[in-house]
Amino acid sequence: MMTEQAGPLELVSHVVGAEQAGFDFSVISDHSFPWLESQGHAPYAWSVLGAAAQATTRIPLMTYVTCPTFRYHPAVVAQKAATVQILSRGRFRLGLGSGENLNEHIVGAGWPAAHVRLEMLEEAVGIIRKMFGGVCVSCHGAHYDVENAKLWDLPEELPPIGIAVSGPRSCALAGRLGDLLIATEPKAELLRQFDAHGGAGKPRIGQLPVCYDPDRAAAVARAHDQFRWALGGWRVNGELPGPAGFEQASRHTRPEDVAESIPCGDEVDEFVAAVRPYVEAGFTEVALVQIGGDRQVAFLEWAEAKLLPALRNL
């Protein structure tokens, strides 16, 4: 459920379709802005999750990812996560990350250096864990104050916490404090660093953008129009404050550049080949991000008939 490319009603219908198609899990991005204006959407992810929890019965739900350090206070994130876990009857996982300026700038809190953002994330995870304990929490840390906070509605099974990683520091944090790892590249080194700091045996989830269309040229054009920002890498993507910045940063990215990085069209083997590096690196799950909100239904139908059976043979 990519909130940047579809409205709230459509996102709920998409996850219902994914459940019917046989997907093993679902994720939702948590944005206040799209990456590019051509994507055109940014509904509130947590409202969509509540609706999705009621509209589905089997498919797991997950934030992919929420930043608990700027737009949201970590104590509020803990309350939201506990509530969605109850509404989904135990199907929710809380994916967390240090965020992007694109989304977090709206509260006017500034955008500190990456190492400070990781310090804030670590403190936030600690607060969420304390809140999940069901006790009254008061603490005063380097970045957050919590005063007499308590979760009055706790699920029987607490939601696992996933932490997004991109380098050694975040891998160490995820290994120590997370229940699972989230990454956007099939780098085995990230998993080794995760394991070295306590992540051994824990799930690890990768992300792969794809662009299905029977007309490959149309798929490439759509991927270039809506997803060329992704080729900039997270050192760039975490820093830019709005769609105009991503338009400027990706102005020289060509359609053929996008097609080299993102499987486009309807050749099953090409999609399978793009997933294989994640399997070989040791990832246990892969989130497929279909580009284009108006092509989700067609993608789900094709995936059910052709793609998912092929991927299950990997």
# chains A, B, ... in the order shown; residues from 1 in each chain; ligands from 1
>>> residues_around(residues="Trp229 of chain A", least_positions_apart="6", cutoff="8 Å", atoms="only C-alpha atoms", output="list in words")
Trp35, Leu36, Asn237, Phe246, Glu247, Ala249 and Ser250 of chain A
>>> write_last_selection(atoms="all heavy atoms", output="short mmCIF file (atom, residue, chain, number, x, y, z; two decimals), in the first residue's frame")
data_model
loop_
_atom_site.label_atom_id
_atom_site.label_comp_id
_atom_site.auth_asym_id
_atom_site.auth_seq_id
_atom_site.Cartn_x
_atom_site.Cartn_y
_atom_site.Cartn_z
N TRP A 35 6.87 11.41 -3.33
CA TRP A 35 8.23 11.72 -3.77
C TRP A 35 8.22 12.69 -4.95
O TRP A 35 9.04 13.61 -5.01
CB TRP A 35 8.93 10.44 -4.20
CG TRP A 35 9.06 9.41 -3.12
CD1 TRP A 35 8.25 8.33 -2.91
CD2 TRP A 35 10.06 9.37 -2.09
NE1 TRP A 35 8.69 7.62 -1.82
CE2 TRP A 35 9.79 8.21 -1.30
CE3 TRP A 35 11.15 10.17 -1.77
CZ2 TRP A 35 10.58 7.86 -0.21
CZ3 TRP A 35 11.94 9.81 -0.68
CH2 TRP A 35 11.65 8.68 0.09
N LEU A 36 7.31 12.46 -5.87
CA LEU A 36 7.16 13.30 -7.05
C LEU A 36 5.69 13.69 -7.19
O LEU A 36 4.79 12.90 -6.84
CB LEU A 36 7.60 12.56 -8.32
CG LEU A 36 9.08 12.13 -8.39
CD1 LEU A 36 9.29 11.17 -9.55
CD2 LEU A 36 9.99 13.34 -8.50
N ASN A 237 18.01 10.67 -0.81
CA ASN A 237 16.56 10.64 -0.62
C ASN A 237 16.13 11.00 0.80
O ASN A 237 15.02 11.48 1.01
CB ASN A 237 16.03 9.26 -1.00
CG ASN A 237 16.20 8.96 -2.48
OD1 ASN A 237 16.42 9.87 -3.27
ND2 ASN A 237 16.13 7.70 -2.85
N PHE A 246 13.20 16.45 -5.50
CA PHE A 246 13.37 15.16 -6.17
C PHE A 246 13.23 15.32 -7.68
O PHE A 246 13.89 14.60 -8.44
CB PHE A 246 12.37 14.15 -5.62
CG PHE A 246 12.74 13.66 -4.26
CD1 PHE A 246 12.22 14.26 -3.12
CD2 PHE A 246 13.63 12.61 -4.10
CE1 PHE A 246 12.58 13.83 -1.86
CE2 PHE A 246 14.00 12.17 -2.84
CZ PHE A 246 13.48 12.78 -1.72
N GLU A 247 12.38 16.23 -8.12
CA GLU A 247 12.28 16.53 -9.55
C GLU A 247 13.63 17.02 -10.07
O GLU A 247 14.13 16.57 -11.11
CB GLU A 247 11.22 17.60 -9.81
CG GLU A 247 9.80 17.20 -9.50
CD GLU A 247 9.16 16.38 -10.61
OE1 GLU A 247 9.82 16.14 -11.64
OE2 GLU A 247 8.00 15.97 -10.43
N ALA A 249 16.66 16.66 -8.60
CA ALA A 249 17.73 15.68 -8.43
C ALA A 249 17.68 14.57 -9.48
O ALA A 249 18.72 13.98 -9.81
CB ALA A 249 17.65 15.07 -7.03
N SER A 250 16.49 14.28 -10.01
CA SER A 250 16.34 13.18 -10.97
C SER A 250 16.15 13.65 -12.41
O SER A 250 15.79 12.86 -13.27
CB SER A 250 15.15 12.31 -10.55
OG SER A 250 13.93 13.05 -10.60
#
>>> closest_atom_pairs(of="segment 196-232 of chain A", to="segment 302-310 of chain A", cutoff="12 Å", atoms="only C-alpha atoms", output="CSV")
residue,atom,partner,partner_atom,distance
A:Val210,CA,A:Ala303,CA,11.5
A:Cys211,CA,A:Ala303,CA,11.7
A:Tyr212,CA,A:Trp302,CA,8.5
A:Asp213,CA,A:Trp302,CA,9.4
A:Pro214,CA,A:Trp302,CA,9.8
>>> atom_distance(atom1="atom CA of Asp30 of chain A", atom2="atom CA of Tyr44 of chain A")
7.1 Å
>>> closest_residue(among="A:Phe283, A:Phe132, A:Phe70, A:Trp152", to="Arg117 of chain A", atoms="only C-alpha atoms")
A:Phe70
>>> closest_residue(among="A:Arg58, A:Lys130, A:His115, A:Arg216", to="Asp266 of chain A", atoms="only C-alpha atoms")
A:Arg216
>>> closest_residue(among="A:Arg169, A:Arg295, A:His31, A:Lys202", to="Arg222 of chain A", atoms="only C-alpha atoms")
A:Arg295
